[in-house]
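**Q** What follows is a structure written as structure tokens; I'll ask about it next.
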Amino acid sequence: MTTKRYMAFAALGLALALSACASAGKKDGVAYTTPESDGKILGIFGGGDKAAKQAAYNEQAGIGVNAYLWRASLDTISFMPLISADPWGGVIISDWYANPQKPDERFKTTVYILDARLRADALNVSVYKQVQQGGQWIDADVSQQTQLDIENAILTRARELRLSDVRN
């Protein structure tokens, strides 16, 4: 009986070791190479040159979303107080904002940046509205056009930021 246990543990260990080897040289499940590696997959102990390693590190250490969309989102909703801004997850959450001319209604936004590319479908904006009735805040419907207008304002600002970088 103990021999069967040892054999089972040995088989399990071998399977785990082989599965670990299968992911060596992969980043996000995709094999990667460098021009200097002549098409060879980089192993778990490195390989390639220091510049390739540094480039891979910088790619992982940088902002996780499109920088133009990120900056444009912050610029567009800058009049609202922020609760949270996560550049790696691509989520910006504002606190409630009440327009001084309409103190009986307030808005809150959540901006999701879904891609590292500057694309219209890489952006999703959720807007929440509350109105004050009898001293309490009650949830109210927000028109789809309001959300689209904010998305369009962010996209327009992102394009402006990108163009200003291209010209410089």
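Every chain in the structure tokens has a letter given in the order shown (A, B, ...), and although residue numbers restart at 1 in each chain, ligands are simply numbered from 1 in the order shown.
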Can you pull out the residues contacting Ala120 in chain A? Cut-off 9 Å, using only C-alpha atoms, and skip same-chain residues under 6 positions away; I want them as a short mmCIF file (atom, residue, chain, number, x, y, z; two decimals) with all heavy atoms, in the first residue's frame.
**A**
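Generated output (result.cif):
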```
data_model
loop_
_atom_site.label_atom_id
_atom_site.label_comp_id
_atom_site.auth_asym_id
_atom_site.auth_seq_id
_atom_site.Cartn_x
_atom_site.Cartn_y
_atom_site.Cartn_z
N GLU A 151 -18.40 59.62 -22.71
CA GLU A 151 -17.46 58.77 -23.45
C GLU A 151 -16.87 59.53 -24.64
O GLU A 151 -15.66 59.47 -24.87
CB GLU A 151 -18.14 57.50 -23.94
CG GLU A 151 -18.36 56.47 -22.87
CD GLU A 151 -19.01 55.20 -23.39
OE1 GLU A 151 -19.11 55.02 -24.63
OE2 GLU A 151 -19.41 54.37 -22.56
N ASN A 152 -17.71 60.24 -25.38
CA ASN A 152 -17.22 60.99 -26.54
C ASN A 152 -16.27 62.11 -26.13
O ASN A 152 -15.29 62.38 -26.81
CB ASN A 152 -18.38 61.54 -27.35
CG ASN A 152 -19.10 60.45 -28.12
OD1 ASN A 152 -18.53 59.41 -28.43
ND2 ASN A 152 -20.37 60.67 -28.40
N LEU A 155 -12.96 60.42 -25.36
CA LEU A 155 -12.29 60.00 -26.60
C LEU A 155 -11.72 61.19 -27.37
O LEU A 155 -10.61 61.13 -27.90
CB LEU A 155 -13.25 59.20 -27.48
CG LEU A 155 -13.61 57.81 -26.95
CD1 LEU A 155 -14.78 57.24 -27.74
CD2 LEU A 155 -12.41 56.89 -27.02
#
```
**Q** Name all residues at most 8 Å from Ala140 in chain A (count only C-alpha atoms; drop same-chain ones fewer than 6 positions away) and give them as a PyMOL selection string.
**A** chain A and resi 128-131
**Q** Restricting the calculation to only C-alpha atoms, which member of A:Leu148, A:Leu163, A:Leu74, A:Ile83 is positioned closest to Val125 in chain A?
**A** A:Leu148
**Q** At a cut-off of 10 Å, using only C-alpha atoms, what residues contact range 132-136 of chain A? Leave out same-chain residues fewer than 2 positions from it and give the result as an NGL selection string.
**A** :A and (103-106 or 130 or 138-140)
**Q** What would the file look like if the residues just selected were written as a compact mmCIF listing (two decimals), in the first residue's frame with N, CA, C and O atoms?
**A**
```txt
# COMPACT_ATOMS: atom_id res chain seq x y z
N PRO A 103 -28.83 71.89 -6.78
CA PRO A 103 -28.38 71.14 -5.60
C PRO A 103 -29.28 69.95 -5.23
O PRO A 103 -28.92 69.15 -4.37
N ASP A 104 -30.43 69.81 -5.91
CA ASP A 104 -31.34 68.70 -5.58
C ASP A 104 -31.06 67.45 -6.41
O ASP A 104 -31.80 66.46 -6.30
N GLU A 105 -30.00 67.46 -7.22
CA GLU A 105 -29.60 66.25 -7.94
C GLU A 105 -28.08 66.13 -7.90
O GLU A 105 -27.37 67.12 -7.84
N ARG A 106 -27.62 64.88 -7.92
CA ARG A 106 -26.17 64.64 -7.89
C ARG A 106 -25.84 63.45 -8.78
O ARG A 106 -26.69 62.60 -9.05
N GLN A 130 -28.86 60.64 -8.59
CA GLN A 130 -29.80 60.63 -7.48
C GLN A 130 -30.45 62.00 -7.39
O GLN A 130 -29.81 63.03 -7.67
N ILE A 138 -32.75 59.69 -3.70
CA ILE A 138 -33.41 58.58 -4.37
C ILE A 138 -32.74 58.37 -5.73
O ILE A 138 -32.50 59.33 -6.46
N ASP A 139 -32.45 57.10 -6.06
CA ASP A 139 -31.86 56.79 -7.36
C ASP A 139 -32.80 57.19 -8.49
O ASP A 139 -34.02 57.03 -8.39
N ALA A 140 -32.21 57.72 -9.56
CA ALA A 140 -33.00 58.16 -10.72
C ALA A 140 -32.33 57.63 -11.99
O ALA A 140 -31.15 57.26 -11.98
```
**Q** If I take CA of Arg157 in chain A and CA of Asp121 in chain A, how far is one from the other in Å, to one decimal?
**A** 15.4 Å
**Q** For range 107-109 of chain A, please output as a CSV table (one decimal) with C-alpha atoms, in the first residue's frame all residues within 9 Å (counting only C-alpha atoms; exclusion window: fewer than 6 positions along the same chain).
**A**
```
chain,number,residue,atom,x,y,z
A,77,ILE,CA,-14.2,64.3,-14.9
A,80,MET,CA,-15.8,65.6,-9.7
A,92,ILE,CA,-11.7,55.5,-12.1
A,93,ILE,CA,-14.5,56.0,-9.6
A,94,SER,CA,-15.8,59.5,-8.7
A,95,ASP,CA,-17.7,60.6,-5.6
A,96,TRP,CA,-21.1,62.2,-5.8
A,97,TYR,CA,-21.1,65.6,-7.4
A,98,ALA,CA,-23.9,68.1,-7.2
A,99,ASN,CA,-24.0,71.0,-9.6
A,125,VAL,CA,-18.6,54.9,-18.7
A,126,SER,CA,-21.3,54.3,-16.1
A,127,VAL,CA,-23.2,57.3,-14.7
A,128,TYR,CA,-25.4,57.2,-11.7
A,129,LYS,CA,-27.9,59.9,-10.7
A,130,GLN,CA,-29.8,60.6,-7.5
```
**Q** Looking at A:Ser78, A:Leu118, A:Gln145, A:Pro100, which one is nearest to Ala158 in chain A, with distances taken over only C-alpha atoms?
**A** A:Leu118
**Q** Let me make sure I understand: among A:Ser84, A:Ser164, A:Asn124, A:Thr156, which one has the smallest atom-to-atom distance to Gln144 in chain A if we use only C-alpha atoms?
**A**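 Distance minimum relative to Gln144 in chain A lands on A:Asn124.
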**Q** Skip Leu161 in chain A itself and residues of its chain fewer than 3 positions away, then list as number ranges by chain all residues within 12 Å of it, counting only C-alpha atoms.
**A** A: 66-73, 75, 118, 154-158, 164-168
